[in-house]
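Chemist: Enclosed is the structure file protein-v2.pdb (PDB, C-alpha atoms, pLDDT in the B column).
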```
ATOM      1  CA  MET Q 917       0.000   0.000   0.000  1.00 89.00           C
ATOM      2  CA  ILE Q 918       1.105   3.573  -0.595  1.00 93.00           C
ATOM      3  CA  TRP Q 919       0.052   6.585   1.470  1.00 94.00           C
ATOM      4  CA  VAL Q 920      -1.039   9.570  -0.638  1.00 95.00           C
ATOM      5  CA  TYR Q 921      -0.439  13.124   0.651  1.00 97.00           C
ATOM      6  CA  GLY Q 922      -1.733  15.323  -2.103  1.00 97.00           C
ATOM      7  CA  ILE Q 923      -2.037  16.317  -5.733  1.00 97.00           C
ATOM      8  CA  ARG Q 924      -0.266  19.284  -7.254  1.00 96.00           C
ATOM      9  CA  GLU Q 925       1.437  20.580 -10.381  1.00 94.00           C
ATOM     10  CA  PRO Q 926       4.632  18.656 -11.249  1.00 94.00           C
ATOM     11  CA  ALA Q 927       7.667  19.816  -9.226  1.00 94.00           C
ATOM     12  CA  GLU Q 928      10.704  18.379  -7.413  1.00 93.00           C
ATOM     13  CA  VAL Q 929       9.925  15.927  -4.617  1.00 94.00           C
ATOM     14  CA  GLU Q 930      12.370  15.303  -1.766  1.00 93.00           C
ATOM     15  CA  PRO Q 931      13.025  11.661  -0.783  1.00 94.00           C
ATOM     16  CA  PRO Q 932      11.634   9.654   0.948  1.00 95.00           C
ATOM     17  CA  LEU Q 933       8.600  11.129  -0.793  1.00 97.00           C
ATOM     18  CA  GLU Q 934       7.816   9.764  -4.235  1.00 98.00           C
ATOM     19  CA  SER Q 935       5.614  11.014  -7.027  1.00 98.00           C
ATOM     20  CA  LEU Q 936       3.892  10.015 -10.214  1.00 97.00           C
ATOM     21  CA  THR Q 937       2.309  12.178 -12.871  1.00 96.00           C
ATOM     22  CA  ALA Q 938      -0.901  11.517 -14.794  1.00 95.00           C
ATOM     23  CA  GLY Q 939      -2.364  13.990 -17.269  1.00 92.00           C
ATOM     24  CA  GLY Q 940      -0.249  16.870 -15.945  1.00 94.00           C
ATOM     25  CA  LEU Q 941      -1.228  16.259 -12.297  1.00 97.00           C
ATOM     26  CA  MET Q 942       1.375  15.004  -9.832  1.00 97.00           C
ATOM     27  CA  ALA Q 943       0.428  12.779  -6.905  1.00 97.00           C
ATOM     28  CA  VAL Q 944       2.877  12.808  -3.996  1.00 98.00           C
ATOM     29  CA  PHE Q 945       3.015   9.680  -1.848  1.00 97.00           C
ATOM     30  CA  GLY Q 946       5.135   7.724   0.597  1.00 97.00           C
ATOM     31  CA  ARG Q 947       5.664   4.123   1.673  1.00 96.00           C
ATOM     32  CA  ARG Q 948       5.149   4.609   5.387  1.00 93.00           C
ATOM     33  CA  GLU Q 949       1.885   4.597   7.236  1.00 91.00           C
ATOM     34  CA  HIS Q 950       1.222   7.297   9.835  1.00 91.00           C
ATOM     35  CA  GLU Q 951      -0.263   6.273  13.167  1.00 85.00           C
ATOM     36  CA  ARG Q 952      -3.881   7.153  13.929  1.00 81.00           C
ATOM     37  CA  THR Q 953      -2.845   9.384  16.787  1.00 81.00           C
ATOM     38  CA  ARG Q 954      -2.378  13.109  17.237  1.00 80.00           C
ATOM     39  CA  ASP Q 955       1.343  12.722  16.498  1.00 85.00           C
ATOM     40  CA  GLY Q 956       0.484  10.829  13.316  1.00 88.00           C
ATOM     41  CA  LEU Q 957      -1.893  13.595  12.231  1.00 88.00           C
ATOM     42  CA  TRP Q 958       0.782  16.251  12.764  1.00 90.00           C
ATOM     43  CA  GLU Q 959       3.409  14.172  10.900  1.00 93.00           C
ATOM     44  CA  HIS Q 960       1.074  13.870   7.929  1.00 94.00           C
ATOM     45  CA  GLU Q 961       0.254  17.574   8.113  1.00 94.00           C
ATOM     46  CA  ARG Q 962       3.932  18.588   8.161  1.00 94.00           C
ATOM     47  CA  VAL Q 963       4.544  16.621   4.955  1.00 96.00           C
ATOM     48  CA  VAL Q 964       1.521  18.184   3.234  1.00 96.00           C
ATOM     49  CA  GLU Q 965       2.733  21.656   4.230  1.00 93.00           C
ATOM     50  CA  THR Q 966       5.973  21.109   2.242  1.00 94.00           C
ATOM     51  CA  LEU Q 967       4.004  20.501  -0.982  1.00 93.00           C
ATOM     52  CA  ILE Q 968       2.509  23.967  -1.583  1.00 83.00           C
ATOM     53  CA  THR Q 969       0.422  24.546  -3.706  1.00 89.00           C
ATOM     54  CA  VAL Q 970      -1.330  21.235  -3.156  1.00 96.00           C
ATOM     55  CA  LEU Q 971      -4.768  19.651  -3.074  1.00 97.00           C
ATOM     56  CA  PRO Q 972      -4.447  17.770   0.218  1.00 96.00           C
ATOM     57  CA  MET Q 973      -5.788  14.233   0.537  1.00 94.00           C
ATOM     58  CA  ARG Q 974      -7.916  13.193   3.491  1.00 89.00           C
ATOM     59  CA  PHE Q 975      -5.796  11.577   6.233  1.00 88.00           C
ATOM     60  CA  ALA Q 976      -5.037   7.882   5.689  1.00 86.00           C
ATOM     61  CA  SER Q 977      -5.817   7.852   1.961  1.00 89.00           C
ATOM     62  CA  MET Q 978      -4.093   4.651   0.926  1.00 88.00           C
ATOM     63  CA  VAL Q 979      -3.981   2.976  -2.476  1.00 89.00           C
ATOM     64  CA  ALA Q 980      -2.906  -0.525  -3.526  1.00 89.00           C
ATOM     65  CA  GLY Q 981      -0.093   0.803  -5.717  1.00 93.00           C
ATOM     66  CA  GLU Q 982       1.069   3.268  -8.316  1.00 96.00           C
ATOM     67  CA  ASP Q 983      -1.096   1.854 -11.130  1.00 95.00           C
ATOM     68  CA  ALA Q 984      -4.232   2.213  -9.011  1.00 92.00           C
ATOM     69  CA  LEU Q 985      -3.267   5.756  -8.049  1.00 94.00           C
ATOM     70  CA  ARG Q 986      -2.588   6.732 -11.659  1.00 95.00           C
ATOM     71  CA  ARG Q 987      -5.977   5.327 -12.663  1.00 93.00           C
ATOM     72  CA  LEU Q 988      -7.799   7.198  -9.865  1.00 91.00           C
ATOM     73  CA  ILE Q 989      -6.224  10.505 -10.866  1.00 93.00           C
ATOM     74  CA  SER Q 990      -6.994   9.971 -14.547  1.00 94.00           C
ATOM     75  CA  GLU Q 991     -10.634   9.159 -13.799  1.00 91.00           C
ATOM     76  CA  ARG Q 992     -11.123  12.457 -11.924  1.00 92.00           C
ATOM     77  CA  HIS Q 993      -8.615  14.520 -13.836  1.00 95.00           C
ATOM     78  CA  ASP Q 994     -10.842  17.444 -14.816  1.00 96.00           C
ATOM     79  CA  SER Q 995     -12.390  18.056 -11.394  1.00 94.00           C
ATOM     80  CA  LEU Q 996      -9.004  17.701  -9.663  1.00 96.00           C
ATOM     81  CA  ALA Q 997      -7.354  20.103 -12.132  1.00 96.00           C
ATOM     82  CA  ALA Q 998     -10.158  22.644 -11.608  1.00 96.00           C
ATOM     83  CA  ALA Q 999      -9.900  22.370  -7.808  1.00 96.00           C
ATOM     84  CA  LEU Q1000      -6.114  22.785  -7.983  1.00 96.00           C
ATOM     85  CA  ALA Q1001      -6.449  25.894 -10.141  1.00 96.00           C
ATOM     86  CA  ASN Q1002      -8.931  27.343  -7.611  1.00 95.00           C
ATOM     87  CA  VAL Q1003      -6.521  27.001  -4.664  1.00 96.00           C
ATOM     88  CA  SER Q1004      -3.340  28.016  -6.480  1.00 95.00           C
ATOM     89  CA  GLY Q1005      -1.446  30.679  -4.503  1.00 94.00           C
ATOM     90  CA  ARG Q1006      -4.102  30.562  -1.771  1.00 96.00           C
ATOM     91  CA  VAL Q1007      -4.262  29.197   1.754  1.00 95.00           C
ATOM     92  CA  GLU Q1008      -7.041  28.257   4.148  1.00 95.00           C
ATOM     93  CA  VAL Q1009      -7.610  30.079   7.424  1.00 95.00           C
ATOM     94  CA  GLY Q1010      -9.964  28.716  10.082  1.00 93.00           C
ATOM     95  CA  VAL Q1011     -12.008  31.010  12.307  1.00 92.00           C
ATOM     96  CA  ARG Q1012     -14.262  29.995  15.194  1.00 87.00           C
ATOM     97  CA  ALA Q1013     -15.942  32.057  17.883  1.00 84.00           C
ATOM     98  CA  VAL Q1014     -16.520  30.571  21.302  1.00 80.00           C
ATOM     99  CA  GLY Q1015     -18.059  32.139  24.350  1.00 73.00           C
ATOM    100  CA  ARG Q1016     -21.148  32.361  26.458  1.00 61.00           C
ATOM    101  CA  ARG Q1017     -24.306  30.922  25.028  1.00 61.00           C
ATOM    102  CA  GLU Q1018     -26.321  33.550  23.173  1.00 58.00           C
ATOM    103  CA  THR Q1019     -29.722  34.416  24.653  1.00 63.00           C
ATOM    104  CA  SER Q1020     -31.646  33.778  21.450  1.00 72.00           C
ATOM    105  CA  GLY Q1021     -31.228  32.079  18.124  1.00 72.00           C
ATOM    106  CA  ARG Q1022     -31.664  35.409  16.370  1.00 76.00           C
ATOM    107  CA  GLU Q1023     -28.883  36.993  18.412  1.00 76.00           C
ATOM    108  CA  HIS Q1024     -26.638  34.038  17.613  1.00 75.00           C
ATOM    109  CA  LEU Q1025     -27.341  34.392  13.896  1.00 75.00           C
ATOM    110  CA  LEU Q1026     -26.679  38.143  13.932  1.00 78.00           C
ATOM    111  CA  ARG Q1027     -23.403  37.547  15.758  1.00 79.00           C
ATOM    112  CA  LYS Q1028     -22.336  34.954  13.211  1.00 80.00           C
ATOM    113  CA  LEU Q1029     -23.060  37.344  10.350  1.00 82.00           C
ATOM    114  CA  ALA Q1030     -21.256  40.217  12.100  1.00 87.00           C
ATOM    115  CA  LEU Q1031     -18.150  38.061  12.348  1.00 89.00           C
ATOM    116  CA  HIS Q1032     -18.447  36.335   8.987  1.00 92.00           C
ATOM    117  CA  GLU Q1033     -19.220  39.198   6.593  1.00 93.00           C
ATOM    118  CA  PRO Q1034     -16.078  41.329   7.120  1.00 94.00           C
ATOM    119  CA  LEU Q1035     -13.899  38.216   6.795  1.00 96.00           C
ATOM    120  CA  ALA Q1036     -15.733  36.867   3.763  1.00 96.00           C
ATOM    121  CA  ALA Q1037     -15.046  40.201   2.030  1.00 96.00           C
ATOM    122  CA  LEU Q1038     -11.296  39.475   2.342  1.00 97.00           C
ATOM    123  CA  ALA Q1039     -11.535  35.878   1.121  1.00 97.00           C
ATOM    124  CA  VAL Q1040     -11.929  34.444  -2.379  1.00 97.00           C
ATOM    125  CA  ASP Q1041     -14.092  31.563  -1.134  1.00 96.00           C
ATOM    126  CA  THR Q1042     -15.655  30.458   2.157  1.00 96.00           C
ATOM    127  CA  ARG Q1043     -17.124  27.322   3.740  1.00 94.00           C
ATOM    128  CA  LEU Q1044     -19.371  27.776   6.755  1.00 87.00           C
ATOM    129  CA  ARG Q1045     -19.965  24.785   8.981  1.00 79.00           C
ATOM    130  CA  PRO Q1046     -21.465  24.486  12.476  1.00 73.00           C
ATOM    131  CA  GLN Q1047     -18.001  24.269  14.030  1.00 72.00           C
ATOM    132  CA  GLY Q1048     -16.737  27.421  12.307  1.00 82.00           C
ATOM    133  CA  GLY Q1049     -15.761  29.038   9.056  1.00 91.00           C
ATOM    134  CA  ALA Q1050     -13.008  28.186   6.600  1.00 95.00           C
ATOM    135  CA  TYR Q1051     -11.715  31.050   4.453  1.00 96.00           C
ATOM    136  CA  LEU Q1052      -9.684  30.667   1.276  1.00 97.00           C
ATOM    137  CA  VAL Q1053      -7.295  33.629   1.225  1.00 97.00           C
ATOM    138  CA  GLU Q1054      -4.586  34.781  -1.198  1.00 97.00           C
ATOM    139  CA  ARG Q1055      -1.247  33.990   0.439  1.00 94.00           C
ATOM    140  CA  ASP Q1056      -0.271  37.691   0.325  1.00 95.00           C
ATOM    141  CA  ALA Q1057      -3.563  38.696   1.951  1.00 96.00           C
ATOM    142  CA  VAL Q1058      -3.082  36.609   5.133  1.00 94.00           C
ATOM    143  CA  PRO Q1059      -1.628  39.487   7.244  1.00 94.00           C
ATOM    144  CA  GLY Q1060      -4.587  41.700   6.311  1.00 95.00           C
ATOM    145  CA  PHE Q1061      -6.975  38.881   7.154  1.00 96.00           C
ATOM    146  CA  THR Q1062      -5.479  38.241  10.601  1.00 94.00           C
ATOM    147  CA  ALA Q1063      -5.518  41.999  11.268  1.00 95.00           C
ATOM    148  CA  ALA Q1064      -9.251  41.974  10.486  1.00 95.00           C
ATOM    149  CA  VAL Q1065      -9.709  39.077  12.927  1.00 94.00           C
ATOM    150  CA  GLU Q1066      -7.923  41.110  15.612  1.00 93.00           C
ATOM    151  CA  ARG Q1067     -10.215  44.099  14.960  1.00 94.00           C
ATOM    152  CA  LEU Q1068     -13.265  41.812  15.251  1.00 93.00           C
ATOM    153  CA  GLN Q1069     -11.918  40.443  18.527  1.00 91.00           C
ATOM    154  CA  GLU Q1070     -11.631  43.987  19.885  1.00 92.00           C
ATOM    155  CA  ALA Q1071     -15.189  44.761  18.763  1.00 92.00           C
ATOM    156  CA  HIS Q1072     -16.573  41.535  20.327  1.00 88.00           C
ATOM    157  CA  PRO Q1073     -14.763  41.133  23.659  1.00 86.00           C
ATOM    158  CA  ASP Q1074     -17.381  38.711  25.046  1.00 83.00           C
ATOM    159  CA  VAL Q1075     -16.398  35.937  22.623  1.00 85.00           C
ATOM    160  CA  ALA Q1076     -12.999  34.403  21.970  1.00 85.00           C
ATOM    161  CA  ILE Q1077     -12.255  34.341  18.251  1.00 89.00           C
ATOM    162  CA  LEU Q1078      -9.975  31.411  17.497  1.00 89.00           C
ATOM    163  CA  CYS Q1079      -8.053  31.755  14.267  1.00 91.00           C
ATOM    164  CA  THR Q1080      -5.791  28.971  12.959  1.00 91.00           C
ATOM    165  CA  GLY Q1081      -3.709  28.556   9.847  1.00 90.00           C
ATOM    166  CA  PRO Q1082      -2.570  29.075   7.252  1.00 92.00           C
ATOM    167  CA  TRP Q1083      -3.641  25.518   6.379  1.00 94.00           C
ATOM    168  CA  PRO Q1084      -3.419  23.632   3.129  1.00 95.00           C
ATOM    169  CA  PRO Q1085      -6.850  24.069   1.484  1.00 97.00           C
ATOM    170  CA  TYR Q1086      -8.533  20.988   3.046  1.00 95.00           C
ATOM    171  CA  SER Q1087     -11.988  22.569   2.887  1.00 95.00           C
ATOM    172  CA  PHE Q1088     -11.733  23.637  -0.762  1.00 96.00           C
ATOM    173  CA  VAL Q1089     -10.945  20.431  -2.649  1.00 93.00           C
TER     174      VAL Q1089
ATOM    175  CA  MET J 820       4.668  40.153  25.441  1.00 41.00           C
ATOM    176  CA  THR J 821       5.818  36.563  25.674  1.00 47.00           C
ATOM    177  CA  ALA J 822       3.112  33.913  25.610  1.00 50.00           C
ATOM    178  CA  THR J 823       2.920  31.849  28.768  1.00 56.00           C
ATOM    179  CA  ARG J 824       3.333  28.088  28.726  1.00 54.00           C
ATOM    180  CA  GLU J 825      -0.419  27.751  29.366  1.00 55.00           C
ATOM    181  CA  GLU J 826      -1.246  30.007  26.421  1.00 55.00           C
ATOM    182  CA  ILE J 827       1.013  28.023  24.094  1.00 53.00           C
ATOM    183  CA  ALA J 828      -0.498  24.719  25.294  1.00 53.00           C
ATOM    184  CA  SER J 829      -3.995  26.091  24.799  1.00 61.00           C
ATOM    185  CA  SER J 830      -3.290  27.334  21.269  1.00 64.00           C
ATOM    186  CA  ARG J 831      -1.848  23.909  20.384  1.00 64.00           C
ATOM    187  CA  GLU J 832      -5.088  22.276  21.523  1.00 69.00           C
ATOM    188  CA  VAL J 833      -7.145  24.752  19.495  1.00 71.00           C
ATOM    189  CA  ALA J 834      -5.029  23.962  16.440  1.00 79.00           C
ATOM    190  CA  LEU J 835      -5.432  20.222  17.098  1.00 81.00           C
ATOM    191  CA  VAL J 836      -9.215  20.492  16.912  1.00 81.00           C
ATOM    192  CA  ASP J 837      -8.926  22.333  13.591  1.00 86.00           C
ATOM    193  CA  LEU J 838      -6.357  19.784  12.398  1.00 88.00           C
ATOM    194  CA  ILE J 839      -8.684  16.857  13.162  1.00 84.00           C
ATOM    195  CA  ASP J 840     -11.578  18.687  11.536  1.00 83.00           C
ATOM    196  CA  ARG J 841      -9.579  19.173   8.353  1.00 88.00           C
ATOM    197  CA  LEU J 842      -7.641  15.919   8.039  1.00 89.00           C
ATOM    198  CA  LEU J 843     -10.591  13.635   8.837  1.00 83.00           C
ATOM    199  CA  ALA J 844     -13.494  15.588   7.314  1.00 82.00           C
ATOM    200  CA  GLY J 845     -11.743  17.577   4.549  1.00 88.00           C
ATOM    201  CA  GLY J 846      -9.283  16.776   1.806  1.00 92.00           C
ATOM    202  CA  VAL J 847      -9.626  14.863  -1.428  1.00 93.00           C
ATOM    203  CA  VAL J 848     -11.387  11.525  -1.021  1.00 86.00           C
ATOM    204  CA  ILE J 849     -10.498   9.000  -3.692  1.00 77.00           C
ATOM    205  CA  GLY J 850     -12.586   5.928  -4.205  1.00 59.00           C
ATOM    206  CA  GLY J 851     -11.659   2.645  -5.798  1.00 43.00           C
ATOM    207  CA  ASP J 852      -8.904   0.655  -4.161  1.00 39.00           C
ATOM    208  CA  ILE J 853      -8.715   2.987  -1.180  1.00 41.00           C
ATOM    209  CA  THR J 854      -8.791   1.907   2.412  1.00 41.00           C
ATOM    210  CA  LEU J 855      -9.910   5.007   4.232  1.00 41.00           C
ATOM    211  CA  SER J 856      -9.291   4.796   7.948  1.00 46.00           C
ATOM    212  CA  ILE J 857     -10.849   7.142  10.430  1.00 45.00           C
ATOM    213  CA  ALA J 858      -8.855   7.852  13.558  1.00 45.00           C
ATOM    214  CA  ASP J 859     -10.094   6.382  16.807  1.00 45.00           C
ATOM    215  CA  VAL J 860     -13.152   7.915  18.371  1.00 39.00           C
ATOM    216  CA  ASP J 861     -11.024   8.271  21.475  1.00 44.00           C
ATOM    217  CA  LEU J 862      -8.796  10.746  19.664  1.00 46.00           C
ATOM    218  CA  VAL J 863     -11.796  12.956  18.886  1.00 46.00           C
ATOM    219  CA  ARG J 864     -13.048  12.697  22.461  1.00 44.00           C
ATOM    220  CA  VAL J 865      -9.657  13.736  23.793  1.00 43.00           C
ATOM    221  CA  SER J 866      -9.586  16.741  21.489  1.00 46.00           C
ATOM    222  CA  LEU J 867     -13.088  17.881  22.429  1.00 47.00           C
ATOM    223  CA  ARG J 868     -12.128  17.732  26.090  1.00 44.00           C
ATOM    224  CA  ALA J 869      -9.022  19.725  25.300  1.00 45.00           C
ATOM    225  CA  LEU J 870     -11.088  22.337  23.457  1.00 47.00           C
ATOM    226  CA  ILE J 871     -13.536  22.687  26.319  1.00 46.00           C
ATOM    227  CA  ALA J 872     -10.616  23.069  28.725  1.00 45.00           C
ATOM    228  CA  SER J 873      -9.010  25.781  26.600  1.00 45.00           C
ATOM    229  CA  VAL J 874     -12.318  27.621  26.204  1.00 46.00           C
ATOM    230  CA  GLU J 875     -12.729  27.675  29.974  1.00 46.00           C
ATOM    231  CA  ALA J 876      -9.213  29.028  30.285  1.00 47.00           C
ATOM    232  CA  LEU J 877     -10.074  31.870  27.907  1.00 45.00           C
ATOM    233  CA  GLU J 878     -13.210  32.928  29.748  1.00 43.00           C
TER     234      GLU J 878
END
```
Have the structure of the file written as structure tokens, please.
Modeler:
Amino acid sequence: MIWVYGIREPAEVEPPLESLTAGGLMAVFGRREHERTRDGLWEHERVVETLITVLPMRFASMVAGEDALRRLISERHDSLAAALANVSGRVEVGVRAVGRRETSGREHLLRKLALHEPLAALAVDTRLRPQGGAYLVERDAVPGFTAAVERLQEAHPDVAILCTGPWPPYSFV
Amino acid sequence: MTATREEIASSREVALVDLIDRLLAGGVVIGGDITLSIADVDLVRVSLRALIASVEALE
């Protein structure tokens, strides 16, 4: 079995990583399996972070071998190529707000919008989920984005705004 | 200002929750000959506890 890290445009790969190319898309993989622990997750993540710009695979994506991997990439070539073009030069930033329970659903919704709208204006794409927002941001625009998060934190002192990243674009694949 | 050890530990736990969220729920999923393994439920439980702990520390 081989462990796949991500798909990107062809470029140099440092051993022990290996790569194969199908239809202009390069898959980067390794021969070792990461443990299903927090250390294993971070090990995987550190490898993915060396592959910029990359479409990251979900953790523990394993394939029988190189032929199977080549076939899988070829089958989904167009959608993978489009997703890669969308994230090129961009990174993902995660933002969550935690704090005291809001008194009403309406208040909660208004709060979410007040936090989301100024950040969405600085992002090229967004994904909102119950656990928080993911923002796709131009790499050069990250300092401006984190400054906007700091301003929002000052304007909303009763919640803690948790901002993490930059991440590979896991939410935009 | 230098971050305290507690602040650094808490930000690591916050990042861990986001890491789990991304690596196990995001990313490209490829079908076919794939064996997709989800990390132990215990790992998620540990992280949720850690998040709750860090939220309490912030309040």
Chemist: Write out as JSON, numbers by chain each polymer residue whose atoms come within 10 Å of segment 974-986 of chain Q, counting only C-alpha atoms; drop sequence neighbours fewer than 4 positions from it.
Modeler: {"Q": [917, 918, 919, 920, 921, 922, 935, 936, 937, 938, 939, 941, 942, 943, 945, 946, 947, 949, 950, 951, 952, 956, 957, 960, 961, 990, 991, 1086, 1089], "J": [839, 841, 842, 843, 844, 845, 846, 847, 848, 849, 850, 851, 852, 853, 854, 855, 856, 857, 858]}
Chemist: Just give me the gap between atom CA of Ala927 of chain Q and atom CA of Glu1054 of chain Q in Å, one decimal is fine.
Modeler: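 That distance, rounded to one decimal, is 20.9 Å.
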Chemist: Counting all atoms listed in the file, which residues sit no farther than 12 Å from the position (-6.3, 38.4, 7.1) in the file's frame? I'd like them as a PDB file with C-alpha atoms, in the coordinates of the input.
Modeler:
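Final output, out.pdb:
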```
ATOM      1  CA  VAL Q1007      -4.262  29.197   1.754  1.00 95.00           C
ATOM      2  CA  GLU Q1008      -7.041  28.257   4.148  1.00 95.00           C
ATOM      3  CA  VAL Q1009      -7.610  30.079   7.424  1.00 95.00           C
ATOM      4  CA  GLY Q1010      -9.964  28.716  10.082  1.00 93.00           C
ATOM      5  CA  VAL Q1011     -12.008  31.010  12.307  1.00 92.00           C
ATOM      6  CA  PRO Q1034     -16.078  41.329   7.120  1.00 94.00           C
ATOM      7  CA  LEU Q1035     -13.899  38.216   6.795  1.00 96.00           C
ATOM      8  CA  ALA Q1036     -15.733  36.867   3.763  1.00 96.00           C
ATOM      9  CA  ALA Q1037     -15.046  40.201   2.030  1.00 96.00           C
ATOM     10  CA  LEU Q1038     -11.296  39.475   2.342  1.00 97.00           C
ATOM     11  CA  ALA Q1039     -11.535  35.878   1.121  1.00 97.00           C
ATOM     12  CA  VAL Q1040     -11.929  34.444  -2.379  1.00 97.00           C
ATOM     13  CA  TYR Q1051     -11.715  31.050   4.453  1.00 96.00           C
ATOM     14  CA  LEU Q1052      -9.684  30.667   1.276  1.00 97.00           C
ATOM     15  CA  VAL Q1053      -7.295  33.629   1.225  1.00 97.00           C
ATOM     16  CA  GLU Q1054      -4.586  34.781  -1.198  1.00 97.00           C
ATOM     17  CA  ARG Q1055      -1.247  33.990   0.439  1.00 94.00           C
ATOM     18  CA  ASP Q1056      -0.271  37.691   0.325  1.00 95.00           C
ATOM     19  CA  ALA Q1057      -3.563  38.696   1.951  1.00 96.00           C
ATOM     20  CA  VAL Q1058      -3.082  36.609   5.133  1.00 94.00           C
ATOM     21  CA  PRO Q1059      -1.628  39.487   7.244  1.00 94.00           C
ATOM     22  CA  GLY Q1060      -4.587  41.700   6.311  1.00 95.00           C
ATOM     23  CA  PHE Q1061      -6.975  38.881   7.154  1.00 96.00           C
ATOM     24  CA  THR Q1062      -5.479  38.241  10.601  1.00 94.00           C
ATOM     25  CA  ALA Q1063      -5.518  41.999  11.268  1.00 95.00           C
ATOM     26  CA  ALA Q1064      -9.251  41.974  10.486  1.00 95.00           C
ATOM     27  CA  VAL Q1065      -9.709  39.077  12.927  1.00 94.00           C
ATOM     28  CA  GLU Q1066      -7.923  41.110  15.612  1.00 93.00           C
ATOM     29  CA  ARG Q1067     -10.215  44.099  14.960  1.00 94.00           C
ATOM     30  CA  LEU Q1068     -13.265  41.812  15.251  1.00 93.00           C
ATOM     31  CA  CYS Q1079      -8.053  31.755  14.267  1.00 91.00           C
ATOM     32  CA  THR Q1080      -5.791  28.971  12.959  1.00 91.00           C
ATOM     33  CA  GLY Q1081      -3.709  28.556   9.847  1.00 90.00           C
ATOM     34  CA  PRO Q1082      -2.570  29.075   7.252  1.00 92.00           C
TER      35      PRO Q1082
END
```
Chemist: Kindly give the distance, in Å, that separates atom CA of Glu1033 of chain Q and atom CA of Gly1021 of chain Q, rounded to a single decimal.
Modeler: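 About the pair atom CA of Glu1033 of chain Q and atom CA of Gly1021 of chain Q: they are 18.1 Å apart.
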Chemist: What's the separation between atom CA of Ser1004 of chain Q and atom CA of Thr969 of chain Q, in Å to one decimal place?
Modeler: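 Computed distance, atom CA of Ser1004 of chain Q to atom CA of Thr969 of chain Q, equals 5.8 Å.
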Chemist: Can you work out which one of Q:Ala1071, Q:Ala1076, Q:Leu1000, Q:Val944 has the shortest atom-to-atom distance to chain J, counting all atoms listed in the file?
Modeler: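 Closest candidate: Q:Ala1076.
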Chemist: Run the PyMOL selection byres ((chain Q and resi 1028) around 12) against the file shown and list the residues it catches, as a PyMOL selection string.
Modeler: chain Q and resi 1011-1014+1018+1021-1027+1029-1036+1044-1049+1068+1072+1075+1077
Chemist: Which residue out of Q:Val929, Q:Leu967, Q:Ala998, Q:Ala1050 has the minimum interatomic distance to chain J when only C-alpha atoms are used?
Modeler: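 Closest to chain J, using only C-alpha atoms: Q:Ala1050.
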Chemist: Please extract segment 838-851 of chain J and write it out with N, CA and C atoms, as a compact mmCIF listing (two decimals), in the first residue's frame.
Modeler:
```
# COMPACT_ATOMS: atom_id res chain seq x y z
N LEU J 838 -7.10 20.79 13.17
CA LEU J 838 -6.36 19.78 12.40
C LEU J 838 -7.22 18.55 12.18
N ILE J 839 -7.83 18.05 13.26
CA ILE J 839 -8.68 16.86 13.16
C ILE J 839 -9.84 17.13 12.22
N ASP J 840 -10.46 18.30 12.38
CA ASP J 840 -11.58 18.69 11.54
C ASP J 840 -11.20 18.65 10.06
N ARG J 841 -9.99 19.11 9.75
CA ARG J 841 -9.58 19.17 8.35
C ARG J 841 -9.10 17.82 7.81
N LEU J 842 -8.24 17.15 8.56
CA LEU J 842 -7.64 15.92 8.04
C LEU J 842 -8.63 14.76 7.95
N LEU J 843 -9.65 14.76 8.83
CA LEU J 843 -10.59 13.63 8.84
C LEU J 843 -11.90 13.95 8.13
N ALA J 844 -12.23 15.24 7.97
CA ALA J 844 -13.49 15.59 7.31
C ALA J 844 -13.27 16.33 6.00
N GLY J 845 -12.04 16.85 5.78
CA GLY J 845 -11.74 17.58 4.55
C GLY J 845 -10.79 16.77 3.68
N GLY J 846 -10.24 17.43 2.68
CA GLY J 846 -9.28 16.78 1.81
C GLY J 846 -9.94 15.98 0.70
N VAL J 847 -9.13 15.63 -0.29
CA VAL J 847 -9.63 14.86 -1.43
C VAL J 847 -9.88 13.43 -0.98
N VAL J 848 -11.06 12.93 -1.29
CA VAL J 848 -11.39 11.53 -1.02
C VAL J 848 -11.36 10.79 -2.35
N ILE J 849 -10.53 9.76 -2.44
CA ILE J 849 -10.50 9.00 -3.69
C ILE J 849 -11.06 7.61 -3.45
N GLY J 850 -11.93 7.24 -4.35
CA GLY J 850 -12.59 5.93 -4.20
C GLY J 850 -11.75 4.83 -4.82
N GLY J 851 -12.38 3.74 -5.16
CA GLY J 851 -11.66 2.65 -5.80
C GLY J 851 -10.95 1.77 -4.80
```
